[in-house]
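A.B. asks: Below: one structure in structure tokens.
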Amino acid sequence: MKEVTCLCGWSTRGTDDEVVAALTAHAWEDHGIRKTREEILANAIPVEG
Amino acid sequence: MEHPERAPLVEIVPALSNVAWAPDIVVQSIEPLFVYLGPDGPRHLRPIHAPSLRLGMRPDQQPGTVVVQAAARYGLTPLLVHSTSWRFDAGRVVLTYVAAVAPPGPEPNENLADEPVERAALARGDAFAPPPTIDVAQVVEHAFRHLAWLVKDDAEVRAALPDWVTFLSAYEPEPFRAFGAPPG
């Protein structure tokens with residue numbers, strides 16, 4: 001399980017694929033920016049499932 | 001009858017916890033509350049898409065350092081960071097840090113909403129359990145009450161927040177207001 005938190009406070013938790021999908025959508029829909037999978041996972045932290 | 005000298009010195013009891021310690025697993029969050037003192041009173045710089053910011057913390061990090069680094073990410077200048085409360089939320093311990101910051105510049109970070117801090121009733125639990133729900137406004141109220149005590153009790157805090165002393169006096173518990181500042 002991974003977790004990533006956006007500067008706006010939005011946060012998500014899940015598998016690598018789930019985190020990447022959720023943050024990709026959030027970054028585009030709420031901030032109008034695109035993030036790569038590598039950028040997203042580089043900022044994700046491991047959490048207990 | 002057992003001789004006193006043969007009585008066990010240490011009584012073996014079941015382990016207090018059956019959870020393995022795992023240094024690479026994060027089960028705690030840091031919750032920085034960025035607050036500043038504006039011309040009309042205290043204000044909370046809240047992340048625009050959440051009631052408060054939740055930050056993961058690696059085992060090799062100091063929580064206060066995490067808060068200071070987070071403030072820098074938003075272009076804020078911390079005056080004081082101090083842990084003021086904790087609570088259990090969504091399967092993790094949330095450690096709240098109040099981060100008193102200097103008033104933001106004319107172009108505040110777009111990820112933060114600048115809101116006035118209103119007084120709130122504290123969340124109350126019972127003798128063995130926490131409150132059923134805790135709102136961030138109640139956490140901020142608790143944090144300011146904590147600071148109200150610290151500015152009188154801790155010279156470092158008082159020196160860091162000289163402009164906050166008057167405002168924080170409103171957060172002192174009423175029975176103690178009459179006593180004034182400690183001597184010296």
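Every chain in the structure tokens takes a letter, A first, then B, and so on in the order presented; its residues are numbered from 1, and the ligands are numbered from 1 following the presented order.
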Residues near Ala21 in chain A, anyone? I mean within 10 Å using only C-alpha atoms, not counting same-chain ones fewer than 6 positions away, as a PDB file with N, CA and C atoms, in the first residue's frame.
C.D. replies:
```pdb
ATOM      1  N   GLY A  14      -3.572   3.374  -1.638  1.00  0.00           N
ATOM      2  CA  GLY A  14      -3.909   2.153  -2.368  1.00  0.00           C
ATOM      3  C   GLY A  14      -2.667   1.502  -2.939  1.00  0.00           C
ATOM      4  N   THR A  15      -2.902   0.600  -3.881  1.00  0.00           N
ATOM      5  CA  THR A  15      -1.770  -0.030  -4.567  1.00  0.00           C
ATOM      6  C   THR A  15      -1.095   1.019  -5.452  1.00  0.00           C
ATOM      7  N   ARG A  37       3.838   8.627 -13.901  1.00  0.00           N
ATOM      8  CA  ARG A  37       3.807   7.562 -12.896  1.00  0.00           C
ATOM      9  C   ARG A  37       5.041   7.636 -11.993  1.00  0.00           C
ATOM     10  N   ILE A  40       4.744  10.460  -9.490  1.00  0.00           N
ATOM     11  CA  ILE A  40       3.761  10.157  -8.447  1.00  0.00           C
ATOM     12  C   ILE A  40       4.350   9.172  -7.432  1.00  0.00           C
TER      13      ILE A  40
END
```
A.B. asks: Would you give me, as a list in words, the residues in chain A that DSSP reads as strand (DSSP E)?
C.D. replies: Lys2, Glu3, Val4, Thr5, Ser11, Thr12, Arg13, Gly14, Ile45 and Pro46 of chain A
A.B. asks: Take the residues from that selection and put them in a file with C-alpha atoms, as a short mmCIF file (atom, residue, chain, number, x, y, z; two decimals), in the first residue's frame.
C.D. replies:
```cif
data_model
loop_
_atom_site.label_atom_id
_atom_site.label_comp_id
_atom_site.auth_asym_id
_atom_site.auth_seq_id
_atom_site.Cartn_x
_atom_site.Cartn_y
_atom_site.Cartn_z
CA LYS A 2 1.16 3.50 -0.79
CA GLU A 3 -0.12 6.93 0.12
CA VAL A 4 0.41 10.26 -1.52
CA THR A 5 -0.71 13.70 -0.39
CA SER A 11 -4.80 12.43 -0.26
CA THR A 12 -5.19 8.90 -1.54
CA ARG A 13 -4.09 5.45 -0.49
CA GLY A 14 -3.91 2.15 -2.37
CA ILE A 45 5.10 6.62 1.04
CA PRO A 46 4.49 3.05 2.21
#
```
A.B. asks: Quick one, how far is CA of Val68 in chain B from CA of Val140 in chain B?
C.D. replies: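 According to the coordinates, CA of Val68 in chain B and CA of Val140 in chain B are separated by 18.0 Å.
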A.B. asks: Considering only C-alpha atoms, return as JSON, numbers by chain whatever protein or nucleic-acid residues lie within 12 Å of Leu7 in chain A, sequence-local ones (same chain, fewer than 4 positions apart) excluded.
C.D. replies: {"A": [11, 23, 26, 27, 30, 31, 43], "B": [46, 47, 48, 49, 50, 52, 53, 54, 55, 70, 71, 72, 73, 74, 75, 109, 110, 111, 112, 113]}
A.B. asks: Would you please work out which residue, of B:Pro130, B:Pro32, B:Gly38, B:Pro78, is nearest to chain A when using only C-alpha atoms?
C.D. replies: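 Smallest separation from chain A among the options: B:Pro32.
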A.B. asks: Give the residues of chain A that lie within 7 Å of chain B; count only C-alpha atoms, and format the answer as a list in words.
C.D. replies: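 Result, ordered by chain then number: Leu7, Cys8, Gly9, Trp10, Pro46, Val47 and Glu48 of chain A.
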A.B. asks: Which parts of range 26-143 of chain B does DSSP call alpha helix (DSSP H) when run on the backbone here, written out as a VMD selection string?
C.D. replies: chain B and resid 63 to 73 136 to 143
A.B. asks: Do a neighbour search on Ala102 in chain B at 9 Å with only C-alpha atoms, toss out local chain neighbours closer than 4 positions, and write the hits as a short mmCIF file (atom, residue, chain, number, x, y, z; two decimals) with N, CA and C atoms, in the first residue's frame.
C.D. replies:
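After the write, out26.cif holds the following:
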```cif
data_model
loop_
_atom_site.label_atom_id
_atom_site.label_comp_id
_atom_site.auth_asym_id
_atom_site.auth_seq_id
_atom_site.Cartn_x
_atom_site.Cartn_y
_atom_site.Cartn_z
N VAL B 35 -1.16 28.63 11.23
CA VAL B 35 -1.98 29.74 11.72
C VAL B 35 -1.11 30.99 11.79
N TYR B 36 -1.76 32.12 11.60
CA TYR B 36 -1.03 33.39 11.75
C TYR B 36 -1.95 34.41 12.39
N LEU B 37 -1.35 35.45 12.90
CA LEU B 37 -2.12 36.50 13.56
C LEU B 37 -2.28 37.66 12.60
N LEU B 76 5.80 29.66 3.58
CA LEU B 76 5.49 30.26 4.88
C LEU B 76 6.74 30.34 5.75
N THR B 77 6.75 31.32 6.63
CA THR B 77 7.87 31.50 7.56
C THR B 77 7.42 31.12 8.96
N PRO B 78 7.87 29.98 9.46
CA PRO B 78 7.43 29.56 10.79
C PRO B 78 8.05 30.42 11.90
N LEU B 79 7.23 30.75 12.88
CA LEU B 79 7.71 31.44 14.07
C LEU B 79 7.89 30.44 15.21
#
```
A.B. asks: May I ask which of the residues B:Pro42, B:Ala143, B:Val165, B:Val66 is the closest one to Leu122 in chain B, counting only C-alpha atoms?
C.D. replies: B:Ala143
A.B. asks: What is the distance between CA of Ala159 in chain B and CA of Thr96 in chain B, in Å to one decimal?
C.D. replies: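 Distance reported for this atom pair: 21.9 Å.
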A.B. asks: Please identify all polymer residues within 10 Å of Thr24 in chain A, counting only C-alpha atoms, omitting same-chain residues fewer than 4 positions from it, and present them as JSON, numbers by chain.
C.D. replies: {"A": [18, 19, 20, 28, 29, 33, 34, 35, 36, 37, 40]}
